[in-house]
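Heads up, protein.cif below (mmCIF, C-alpha atoms and all ligand atoms):
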data_coords
#
loop_
_atom_site.label_atom_id
_atom_site.label_comp_id
_atom_site.auth_asym_id
_atom_site.auth_seq_id
_atom_site.Cartn_x
_atom_site.Cartn_y
_atom_site.Cartn_z
CA MET A 1 0.00 0.00 0.00
CA MET A 2 2.78 2.43 0.97
CA MET A 3 4.68 1.50 -2.17
CA LYS A 4 1.71 2.24 -4.38
CA LYS A 5 1.12 5.63 -2.83
CA ALA A 6 4.78 6.54 -3.23
CA THR A 7 4.72 5.51 -6.88
CA VAL A 8 1.65 7.56 -7.65
CA THR A 9 3.07 10.62 -5.88
CA ALA A 10 6.35 10.28 -7.77
CA LEU A 11 4.46 10.04 -11.02
CA LEU A 12 2.31 13.04 -10.30
CA SER A 13 5.31 15.17 -9.53
CA ALA A 14 7.13 13.94 -12.62
CA PHE A 15 4.18 14.71 -14.85
CA GLY A 16 2.55 17.42 -12.74
CA ILE A 17 3.05 20.29 -15.13
CA ALA A 18 1.77 18.41 -18.13
CA ALA A 19 -1.22 17.04 -16.27
CA LEU A 20 -2.38 20.31 -14.79
CA SER A 21 -2.00 22.77 -17.61
CA ALA A 22 -4.38 22.74 -20.54
CA HIS A 23 -3.27 24.36 -23.77
CA ALA A 24 -4.70 24.89 -27.18
CA ALA A 25 -1.84 22.89 -28.68
CA ASP A 26 -0.28 20.11 -26.62
CA THR A 27 3.40 20.60 -25.92
CA GLU A 28 3.95 17.35 -24.04
CA LEU A 29 3.04 13.72 -24.38
CA ASN A 30 3.10 11.11 -21.63
CA ILE A 31 3.75 7.55 -22.71
CA TYR A 32 3.46 4.48 -20.52
CA SER A 33 5.37 1.75 -22.28
CA ALA A 34 5.84 -1.93 -21.53
CA ARG A 35 8.11 -2.23 -24.56
CA HIS A 36 11.70 -1.05 -24.67
CA TYR A 37 14.47 -1.48 -27.20
CA GLN A 38 17.64 0.50 -27.87
CA THR A 39 16.21 2.03 -31.03
CA ASP A 40 13.33 3.53 -29.04
CA GLU A 41 15.50 6.52 -28.11
CA ALA A 42 15.73 7.55 -31.74
CA LEU A 43 12.04 6.77 -32.21
CA TYR A 44 10.87 9.19 -29.52
CA GLY A 45 13.58 11.75 -30.24
CA ASN A 46 12.50 12.08 -33.84
CA PHE A 47 8.88 12.63 -32.84
CA THR A 48 9.98 15.55 -30.68
CA LYS A 49 12.15 16.88 -33.51
CA GLN A 50 9.26 16.76 -35.96
CA THR A 51 6.50 18.12 -33.74
CA GLY A 52 8.20 20.05 -30.94
CA ILE A 53 6.19 17.90 -28.51
CA LYS A 54 8.21 16.76 -25.52
CA VAL A 55 7.88 13.07 -24.71
CA ASN A 56 7.82 11.84 -21.10
CA ARG A 57 8.14 8.12 -20.77
CA ILE A 58 7.41 5.70 -17.97
CA GLU A 59 8.70 2.24 -18.76
CA ALA A 60 7.74 -0.71 -16.62
CA LYS A 61 6.16 -4.10 -16.79
CA GLU A 62 2.72 -4.32 -18.32
CA ASP A 63 0.86 -5.23 -15.11
CA GLU A 64 2.57 -2.49 -13.16
CA LEU A 65 1.62 0.13 -15.74
CA LEU A 66 -1.99 -1.02 -15.90
CA GLU A 67 -2.12 -0.95 -12.10
CA ARG A 68 -0.83 2.64 -12.18
CA ILE A 69 -3.39 3.64 -14.77
CA ARG A 70 -6.13 2.03 -12.68
CA ASN A 71 -4.95 3.80 -9.51
CA GLU A 72 -4.59 7.16 -11.21
CA GLY A 73 -8.06 6.93 -12.71
CA ALA A 74 -9.35 10.06 -14.39
CA ASN A 75 -6.29 11.95 -13.17
CA SER A 76 -3.82 9.73 -14.96
CA PRO A 77 -1.22 11.75 -16.82
CA ALA A 78 -0.85 8.88 -19.32
CA ASP A 79 -1.77 9.71 -22.92
CA ILE A 80 -0.55 6.56 -24.67
CA PHE A 81 -0.16 2.96 -23.55
CA VAL A 82 2.27 0.81 -25.53
CA THR A 83 2.64 -2.93 -25.08
CA VAL A 84 3.27 -6.20 -26.89
CA ASP A 85 0.89 -9.04 -27.57
CA ILE A 86 -2.74 -9.21 -28.64
CA SER A 87 -3.91 -10.73 -25.36
CA ARG A 88 -2.25 -7.97 -23.33
CA LEU A 89 -3.74 -5.27 -25.54
CA ALA A 90 -7.07 -7.03 -25.17
CA ASN A 91 -6.72 -7.01 -21.38
CA ALA A 92 -5.97 -3.30 -21.35
CA ASP A 93 -8.93 -2.67 -23.63
CA LYS A 94 -11.20 -4.75 -21.40
CA MET A 95 -10.24 -2.49 -18.49
CA GLY A 96 -11.83 0.28 -20.54
CA ILE A 97 -8.72 2.46 -20.62
CA PHE A 98 -8.59 3.14 -24.37
CA ALA A 99 -10.50 5.85 -26.23
CA PRO A 100 -11.70 5.35 -29.79
CA VAL A 101 -9.36 7.03 -32.28
CA LYS A 102 -10.60 8.10 -35.69
CA SER A 103 -7.68 8.88 -37.96
CA ALA A 104 -7.55 8.79 -41.74
CA VAL A 105 -3.77 8.34 -41.55
CA LEU A 106 -4.02 5.24 -39.36
CA GLU A 107 -6.84 3.82 -41.46
CA GLN A 108 -4.88 4.33 -44.62
CA ARG A 109 -1.52 3.08 -43.35
CA ILE A 110 -2.41 0.12 -41.11
CA PRO A 111 -4.17 -2.85 -42.75
CA ALA A 112 -7.73 -3.28 -41.44
CA ASN A 113 -7.01 -6.67 -39.85
CA LEU A 114 -4.21 -5.17 -37.74
CA ARG A 115 -6.19 -2.46 -35.98
CA THR A 116 -9.28 -2.06 -33.87
CA GLU A 117 -11.29 1.06 -33.09
CA ARG A 118 -9.25 1.70 -29.97
CA TRP A 119 -5.83 0.13 -30.39
CA PHE A 120 -3.45 -0.22 -33.28
CA SER A 121 -0.64 -2.61 -34.22
CA PHE A 122 2.71 -1.11 -35.10
CA SER A 123 4.87 -4.19 -35.59
CA GLN A 124 4.25 -7.85 -36.30
CA ARG A 125 5.92 -11.05 -35.23
CA ALA A 126 5.11 -14.60 -36.28
CA ARG A 127 4.74 -17.58 -33.94
CA ILE A 128 6.88 -20.14 -35.69
CA ILE A 129 7.85 -23.79 -35.26
CA VAL A 130 11.51 -24.59 -34.64
CA TYR A 131 12.71 -28.20 -34.86
CA ASN A 132 15.79 -30.35 -34.61
CA PRO A 133 16.19 -32.26 -37.92
CA GLU A 134 18.06 -35.05 -36.12
CA LEU A 135 15.01 -35.75 -33.96
CA VAL A 136 11.94 -35.03 -36.07
CA LYS A 137 11.20 -34.97 -39.77
CA ALA A 138 10.22 -31.74 -41.49
CA GLU A 139 6.91 -33.20 -42.64
CA GLN A 140 5.94 -33.96 -39.02
CA VAL A 141 6.03 -30.32 -37.94
CA GLN A 142 4.45 -28.24 -40.68
CA THR A 143 1.41 -27.13 -38.67
CA TYR A 144 0.46 -26.13 -35.13
CA GLU A 145 -2.10 -28.94 -35.25
CA GLN A 146 0.63 -31.55 -35.80
CA LEU A 147 2.22 -30.66 -32.44
CA ALA A 148 -0.62 -32.66 -30.86
CA ASP A 149 0.08 -35.72 -33.03
CA PRO A 150 1.01 -38.76 -30.84
CA ALA A 151 3.94 -39.32 -33.24
CA LEU A 152 5.65 -36.40 -31.44
CA LYS A 153 5.32 -37.91 -27.97
CA GLY A 154 8.10 -36.71 -25.68
CA LYS A 155 9.34 -34.21 -28.26
CA VAL A 156 7.40 -30.96 -27.81
CA CYS A 157 8.59 -27.96 -25.78
CA THR A 158 6.89 -24.63 -25.17
CA ARG A 159 6.96 -21.88 -22.59
CA SER A 160 4.02 -21.69 -20.17
CA GLY A 161 0.53 -22.06 -21.60
CA SER A 162 -0.51 -19.03 -19.54
CA HIS A 163 1.96 -16.84 -21.35
CA PRO A 164 0.20 -14.26 -23.54
CA TYR A 165 2.01 -15.50 -26.69
CA ASN A 166 0.56 -18.98 -26.26
CA LEU A 167 -2.85 -17.65 -25.29
CA SER A 168 -3.00 -15.56 -28.46
CA LEU A 169 -2.03 -18.64 -30.49
CA GLY A 170 -4.77 -20.59 -28.68
CA ALA A 171 -7.24 -17.86 -29.62
CA ALA A 172 -6.25 -18.25 -33.28
CA LEU A 173 -6.68 -22.03 -33.08
CA ILE A 174 -10.15 -21.59 -31.57
CA LYS A 175 -11.13 -19.13 -34.31
CA HIS A 176 -9.98 -21.43 -37.10
CA ASN A 177 -10.65 -24.92 -35.73
CA GLY A 178 -13.30 -24.39 -33.05
CA GLU A 179 -13.28 -24.87 -29.29
CA GLU A 180 -13.63 -28.64 -29.26
CA ALA A 181 -10.76 -29.23 -31.67
CA THR A 182 -8.59 -26.75 -29.77
CA ALA A 183 -9.33 -28.47 -26.44
CA LYS A 184 -8.24 -31.77 -28.00
CA TRP A 185 -5.19 -30.06 -29.45
CA ALA A 186 -4.15 -28.62 -26.09
CA SER A 187 -4.45 -32.04 -24.42
CA GLY A 188 -2.44 -33.60 -27.24
CA VAL A 189 0.33 -31.01 -26.93
CA VAL A 190 0.50 -31.53 -23.15
CA ALA A 191 0.71 -35.30 -23.71
CA ASN A 192 3.63 -34.71 -26.10
CA PHE A 193 5.72 -32.56 -23.78
CA ALA A 194 9.41 -33.41 -23.54
CA ARG A 195 9.41 -31.53 -20.25
CA ALA A 196 7.09 -29.30 -18.21
CA PRO A 197 6.91 -25.80 -19.71
CA LYS A 198 9.66 -23.52 -18.41
CA GLY A 199 11.71 -20.56 -19.57
CA GLY A 200 11.10 -18.18 -22.46
CA ASP A 201 11.02 -18.78 -26.21
CA THR A 202 14.80 -18.48 -26.56
CA ASP A 203 15.17 -21.25 -23.98
CA GLN A 204 12.93 -23.48 -26.12
CA ILE A 205 15.04 -22.82 -29.23
CA LYS A 206 18.22 -23.62 -27.28
CA ALA A 207 16.67 -26.81 -25.92
CA VAL A 208 15.76 -27.86 -29.46
CA ALA A 209 19.34 -27.19 -30.59
CA ALA A 210 20.67 -29.20 -27.66
CA GLY A 211 18.35 -32.11 -28.49
CA GLU A 212 16.38 -31.92 -25.24
CA CYS A 213 13.31 -31.15 -27.34
CA GLY A 214 12.56 -32.18 -30.90
CA VAL A 215 10.29 -29.27 -31.67
CA ALA A 216 9.19 -26.00 -30.09
CA ILE A 217 7.10 -22.89 -30.71
CA ALA A 218 8.77 -19.49 -30.59
CA ASN A 219 8.22 -15.95 -31.75
CA SER A 220 10.13 -15.20 -34.93
CA TYR A 221 12.20 -12.36 -33.44
CA TYR A 222 13.82 -14.68 -30.90
CA LEU A 223 15.19 -16.84 -33.71
CA ALA A 224 16.06 -13.75 -35.79
CA ARG A 225 17.94 -12.29 -32.81
CA LEU A 226 20.03 -15.48 -32.55
CA MET A 227 20.57 -15.47 -36.32
CA ASN A 228 21.79 -11.86 -36.23
CA SER A 229 23.97 -12.44 -33.16
CA PRO A 230 27.75 -12.46 -33.65
CA ARG A 231 28.23 -14.76 -30.64
CA PRO A 232 29.57 -18.21 -31.63
CA ALA A 233 27.29 -19.90 -29.06
CA ASP A 234 24.22 -18.31 -30.70
CA GLN A 235 25.44 -19.27 -34.17
CA GLU A 236 25.83 -22.85 -32.97
CA VAL A 237 22.21 -22.86 -31.78
CA VAL A 238 21.08 -21.55 -35.16
CA ALA A 239 23.12 -24.19 -36.99
CA ASN A 240 21.34 -26.97 -35.10
CA VAL A 241 17.72 -25.93 -35.69
CA LYS A 242 15.41 -25.46 -38.62
CA ALA A 243 12.46 -23.08 -38.80
CA VAL A 244 9.00 -23.70 -40.26
CA TRP A 245 6.34 -21.18 -41.22
CA PRO A 246 3.39 -23.10 -39.79
CA ASN A 247 0.10 -23.72 -41.60
CA GLN A 248 1.11 -22.57 -45.07
CA GLN A 249 -1.41 -24.92 -46.68
CA SER A 250 -4.26 -23.81 -44.41
CA TRP A 251 -4.94 -20.60 -42.49
CA GLY A 252 -1.39 -19.26 -42.40
CA THR A 253 1.13 -18.55 -39.68
CA HIS A 254 -0.22 -16.98 -36.50
CA ILE A 255 0.73 -13.31 -36.23
CA ASN A 256 1.07 -11.36 -33.02
CA VAL A 257 1.76 -7.64 -32.67
CA SER A 258 3.11 -4.75 -30.67
CA GLY A 259 0.53 -2.06 -30.34
CA ALA A 260 -0.65 1.11 -28.68
CA GLY A 261 -3.77 3.08 -27.92
CA MET A 262 -4.76 6.48 -26.60
CA LEU A 263 -6.13 6.61 -23.09
CA LYS A 264 -9.66 7.82 -22.43
CA SER A 265 -8.29 10.08 -19.72
CA ALA A 266 -5.41 11.39 -21.87
CA PRO A 267 -4.69 15.03 -21.00
CA ASN A 268 -2.95 15.56 -24.36
CA LYS A 269 -5.28 13.93 -26.87
CA GLU A 270 -4.12 15.91 -29.87
CA ALA A 271 -0.50 14.99 -29.23
CA ALA A 272 -1.53 11.40 -28.60
CA VAL A 273 -3.19 11.02 -32.01
CA LYS A 274 -0.21 12.74 -33.63
CA PHE A 275 2.07 10.21 -31.96
CA LEU A 276 0.01 7.20 -33.10
CA GLU A 277 0.12 8.61 -36.64
CA TYR A 278 3.86 9.15 -36.30
CA LEU A 279 4.30 5.47 -35.32
CA ALA A 280 2.73 4.57 -38.67
CA SER A 281 5.18 6.77 -40.62
CA ASP A 282 7.87 5.17 -42.78
CA GLU A 283 10.67 6.23 -40.49
CA ALA A 284 9.03 5.23 -37.20
CA GLN A 285 7.88 1.92 -38.66
CA THR A 286 11.47 1.05 -39.47
CA TYR A 287 12.71 1.85 -35.96
CA PHE A 288 9.78 0.24 -34.21
CA ALA A 289 9.94 -3.04 -36.13
CA ASN A 290 13.59 -3.49 -36.91
CA GLY A 291 14.71 -2.66 -33.38
CA ASN A 292 13.27 -6.01 -32.32
CA ASN A 293 13.70 -7.97 -35.58
CA GLU A 294 10.00 -7.60 -36.35
CA TRP A 295 8.09 -6.62 -39.47
CA PRO A 296 6.42 -3.25 -39.94
CA VAL A 297 2.62 -3.24 -40.22
CA VAL A 298 2.60 -0.69 -43.04
CA PRO A 299 2.93 -2.87 -46.15
CA SER A 300 5.00 -0.38 -48.16
CA VAL A 301 7.71 -0.14 -45.49
CA LYS A 302 10.52 -2.65 -45.91
CA VAL A 303 13.24 -3.16 -43.31
CA ALA A 304 16.75 -4.31 -44.09
CA ASN A 305 17.31 -7.18 -41.66
CA ALA A 306 19.63 -10.06 -42.57
CA ALA A 307 17.79 -12.66 -40.49
CA LEU A 308 14.31 -11.66 -41.66
CA ASP A 309 15.51 -11.62 -45.26
CA LYS A 310 16.92 -15.09 -44.80
CA LEU A 311 13.69 -16.38 -43.23
CA GLY A 312 11.91 -15.18 -46.34
CA GLU A 313 8.28 -14.72 -47.33
CA PHE A 314 5.37 -16.61 -45.87
CA LYS A 315 1.60 -16.71 -45.72
CA ALA A 316 0.37 -14.96 -42.59
CA ASP A 317 -2.96 -15.51 -40.90
CA SER A 318 -5.14 -12.59 -41.98
CA ILE A 319 -7.70 -12.83 -39.18
CA GLN A 320 -8.88 -9.59 -37.56
CA ILE A 321 -6.80 -9.14 -34.38
CA GLY A 322 -9.80 -7.77 -32.50
CA GLU A 323 -11.47 -11.15 -33.00
CA LEU A 324 -8.47 -12.91 -31.48
CA ALA A 325 -8.51 -10.51 -28.56
CA ASP A 326 -12.09 -11.54 -27.80
CA THR A 327 -11.12 -15.22 -27.70
CA VAL A 328 -8.10 -15.09 -25.37
CA ALA A 329 -10.16 -15.78 -22.23
CA GLU A 330 -11.60 -18.90 -23.86
CA ALA A 331 -8.09 -20.08 -24.75
CA GLN A 332 -7.05 -19.74 -21.11
CA LYS A 333 -10.01 -21.88 -19.99
CA ILE A 334 -9.18 -24.56 -22.54
CA TYR A 335 -5.51 -24.60 -21.51
CA ASP A 336 -6.44 -24.82 -17.83
CA ARG A 337 -8.67 -27.82 -18.46
CA ALA A 338 -5.92 -29.48 -20.51
CA GLY A 339 -3.35 -28.88 -17.77
CA TYR A 340 -1.32 -26.68 -20.12
CA ARG A 341 0.21 -24.54 -17.40
FE FE B 1 8.93 -11.53 -26.36
#

Can you give me the file's structure in the form of structure tokens?
Amino acid sequence: MMMKKATVTALLSAFGIAALSAHAADTELNIYSARHYQTDEALYGNFTKQTGIKVNRIEAKEDELLERIRNEGANSPADIFVTVDISRLANADKMGIFAPVKSAVLEQRIPANLRTERWFSFSQRARIIVYNPELVKAEQVQTYEQLADPALKGKVCTRSGSHPYNLSLGAALIKHNGEEATAKWASGVVANFARAPKGGDTDQIKAVAAGECGVAIANSYYLARLMNSPRPADQEVVANVKAVWPNQQSWGTHINVSGAGMLKSAPNKEAAVKFLEYLASDEAQTYFANGNNEWPVVPSVKVANAALDKLGEFKADSIQIGELADTVAEAQKIYDRAGYR
């Protein structure tokens, strides 16, 4: 309780001036971000250069930021909330924190399936399959559905089923295959585990390389990061695994996103919309996506990234992300029943 109070007070004093003064044109913008990469400095700096709007940033874990926003209520100085993953954006939206944003720029730049009325995607990552060719055959691991095939018993590794990345994938499976089939799938995957879920996606890739697992699911940028790494140990991991774009013959590879929305209580709404539009600009798209080995959402923007180039083109799932967001809670229930912890 004491901690929370101290945090709120610190925040208010940090943002006090911006929160209390109302101007015709906003001169400041307050961003709460659960996403941080080195290239973000240039990203925010260039926005200030272009608009003269000063950016104040609070970076922390997702839950902590949402807790702050909840505690601050209508007095929150936050204008923009940035985070990764569809299920996390959905959670924030369910809290009712986002305001609808109507912007011709955003509508024109961001494909319709990658935005909702209240939050927008600014980079995309694919949930891919990584396998060890010494342990499983390529044709055994071409789809998410195959990971539940008894032929892969004792071979499958994933991070926790409760992790947002896996919940968002579960939501996609429910949308495409239905609840019953997804429940069966989840039980099948659990029955195929090489070990109880632990660690992050990079740990799964390393375990596949080491032969502890035959096959794993991971976000594309984790593999791309290893591919682009100069470290010999990382290069050795890459040499021992192969990557698959799942579901190329059916509904396409599951896509997740980084995204942002404007807060209902935003004191600087004009600046907030300007910032969202800036994130969709050619320059910002490059920083935002490439900084984490992701793809831009604006189709005309191409990033130069050796690993992504090498991974090549693929068919992505084109489902509306808002629909996936609505299904995340169902995915959690199905995983719980299947014992996919
Ligand atoms: Fe991640």

Query raised in the report: Would you name the residues within 12 Å of ligand FE 1 (chain B), counting all atoms listed in the file, and put them as JSON, numbers by chain?
Result: {"A": [34, 35, 36, 37, 83, 84, 85, 124, 125, 126, 127, 159, 163, 164, 165, 166, 199, 200, 201, 202, 203, 218, 219, 220, 221, 222, 223, 225, 256, 257, 258, 292, 293, 294]}

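Our summary of the geometry notes that CA of Ala207 in chain A is positioned 15.4 Å from CA of Ile128 in chain A.
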
**Report entry** Of the listed residues A:Ala260, A:Ala194, A:Leu173, A:Leu135, that which approaches Phe81 in chain A most closely, counting all atoms listed in the file
**Finding:**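 Ranking A:Ala260, A:Ala194, A:Leu173, A:Leu135 by distance to Phe81 in chain A, first place goes to A:Ala260.
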
Query - Separation of CA of Gln142 in chain A from CA of Val244 in chain A, in Å and rounded to one decimal - result: 6.4 Å

**Report entry** Distance query Leu324 in chain A at most 9 Å, only C-alpha atoms, self and fewer than 5 positions along chain excluded, as a ChimeraX atom specification
**Finding:** /A:86-87,90,168-172,174-175,319

Report task. Identify, on the basis of all atoms listed in the file, every residue whose closest approach to Lys206 in chain A does not exceed 12 Å; exclude the query and any residue fewer than 4 positions from it along the same chain; express the result as a PyMOL selection string. Result -> chain A and resi 130-132+157-158+199-202+210-218+222-223+226+233-242

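Using all atoms listed in the file, the smallest distance between any of A:Leu147, A:Ala209, A:Ala99, A:Ala280 and Ala186 in chain A comes from A:Leu147.
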
Size and centre in Å, one decimal, axis-aligned box, all listed range 49-60 of chain A atoms plus 3 Å per side, as AutoDock Vina command-line options:
--center_x 9.2 --center_y 9.7 --center_z -26.3 --size_x 12.0 --size_y 26.8 --size_z 25.3

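Around range 57-67 of chain A, within 9 Å and counting only C-alpha atoms, the residues found are Leu11, Leu29, Asn30, Ile31, Tyr32, Ser33, Ala34, Arg35, His36, Asn71, Glu72, Ala78, Phe81, Val82, Thr83, Val84, Arg88, Ala92, Met95 and Ile97 of chain A, once anything fewer than 4 positions away on its own chain is removed.
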
Query raised in the report: Pick from A:Asp326, A:Asp336, A:Asp149, A:Glu277: nearest to Asn91 in chain A, with all atoms listed in the file counted?
Result: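 Checking each of A:Asp326, A:Asp336, A:Asp149, A:Glu277 against Asn91 in chain A, counting all atoms listed in the file, the winner is A:Asp326.
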
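Minimum atom-to-atom distance to Leu263 in chain A, evaluated using all atoms listed in the file, belongs to A:Ile80 out of A:Leu152, A:Ile80, A:Ala74, A:Ala196.
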
Query raised in the report: Which one is closest to Ala104 in chain A: A:Asp317, A:Ile205, A:Val301, A:Leu276? Count all atoms listed in the file.
Result: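 So, comparing all the options, the nearest one is A:Leu276.
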
Have range 87-104 of chain A completed to N, CA and C atoms, please, and pass it along as a JSON list (two decimals), in the coordinates of the input.
[["chain", "number", "residue", "atom", "x", "y", "z"],
["A", 87, "SER", "N", -3.12, -10.46, -26.56],
["A", 87, "SER", "CA", -3.91, -10.73, -25.36],
["A", 87, "SER", "C", -3.68, -9.65, -24.30],
["A", 88, "ARG", "N", -2.49, -9.06, -24.28],
["A", 88, "ARG", "CA", -2.25, -7.97, -23.33],
["A", 88, "ARG", "C", -3.00, -6.71, -23.75],
["A", 89, "LEU", "N", -2.99, -6.43, -25.04],
["A", 89, "LEU", "CA", -3.74, -5.27, -25.54],
["A", 89, "LEU", "C", -5.22, -5.47, -25.27],
["A", 90, "ALA", "N", -5.67, -6.72, -25.43],
["A", 90, "ALA", "CA", -7.07, -7.03, -25.17],
["A", 90, "ALA", "C", -7.41, -6.80, -23.70],
["A", 91, "ASN", "N", -6.50, -7.21, -22.81],
["A", 91, "ASN", "CA", -6.72, -7.01, -21.38],
["A", 91, "ASN", "C", -6.85, -5.53, -21.04],
["A", 92, "ALA", "N", -5.95, -4.74, -21.60],
["A", 92, "ALA", "CA", -5.97, -3.30, -21.35],
["A", 92, "ALA", "C", -7.29, -2.71, -21.86],
["A", 93, "ASP", "N", -7.70, -3.18, -23.03],
["A", 93, "ASP", "CA", -8.93, -2.67, -23.63],
["A", 93, "ASP", "C", -10.14, -3.05, -22.79],
["A", 94, "LYS", "N", -10.10, -4.27, -22.23],
["A", 94, "LYS", "CA", -11.20, -4.75, -21.40],
["A", 94, "LYS", "C", -11.34, -3.91, -20.12],
["A", 95, "MET", "N", -10.21, -3.38, -19.65],
["A", 95, "MET", "CA", -10.24, -2.49, -18.49],
["A", 95, "MET", "C", -10.93, -1.17, -18.83],
["A", 96, "GLY", "N", -11.15, -0.94, -20.11],
["A", 96, "GLY", "CA", -11.83, 0.28, -20.54],
["A", 96, "GLY", "C", -10.94, 1.50, -20.58],
["A", 97, "ILE", "N", -9.63, 1.29, -20.70],
["A", 97, "ILE", "CA", -8.72, 2.46, -20.62],
["A", 97, "ILE", "C", -8.58, 3.20, -21.96],
["A", 98, "PHE", "N", -8.84, 2.51, -23.07],
["A", 98, "PHE", "CA", -8.59, 3.14, -24.37],
["A", 98, "PHE", "C", -9.79, 3.95, -24.87],
["A", 99, "ALA", "N", -9.47, 5.04, -25.56],
["A", 99, "ALA", "CA", -10.50, 5.85, -26.23],
["A", 99, "ALA", "C", -10.53, 5.49, -27.71],
["A", 100, "PRO", "N", -11.69, 5.57, -28.34],
["A", 100, "PRO", "CA", -11.70, 5.35, -29.79],
["A", 100, "PRO", "C", -10.88, 6.43, -30.49],
["A", 101, "VAL", "N", -10.13, 6.04, -31.52],
["A", 101, "VAL", "CA", -9.36, 7.03, -32.28],
["A", 101, "VAL", "C", -9.77, 6.93, -33.74],
["A", 102, "LYS", "N", -10.21, 8.06, -34.27],
["A", 102, "LYS", "CA", -10.60, 8.10, -35.69],
["A", 102, "LYS", "C", -9.51, 8.89, -36.41],
["A", 103, "SER", "N", -8.77, 8.21, -37.25],
["A", 103, "SER", "CA", -7.68, 8.88, -37.96],
["A", 103, "SER", "C", -7.57, 8.34, -39.37],
["A", 104, "ALA", "N", -7.66, 9.21, -40.33],
["A", 104, "ALA", "CA", -7.55, 8.79, -41.74],
["A", 104, "ALA", "C", -6.16, 8.23, -42.01]]
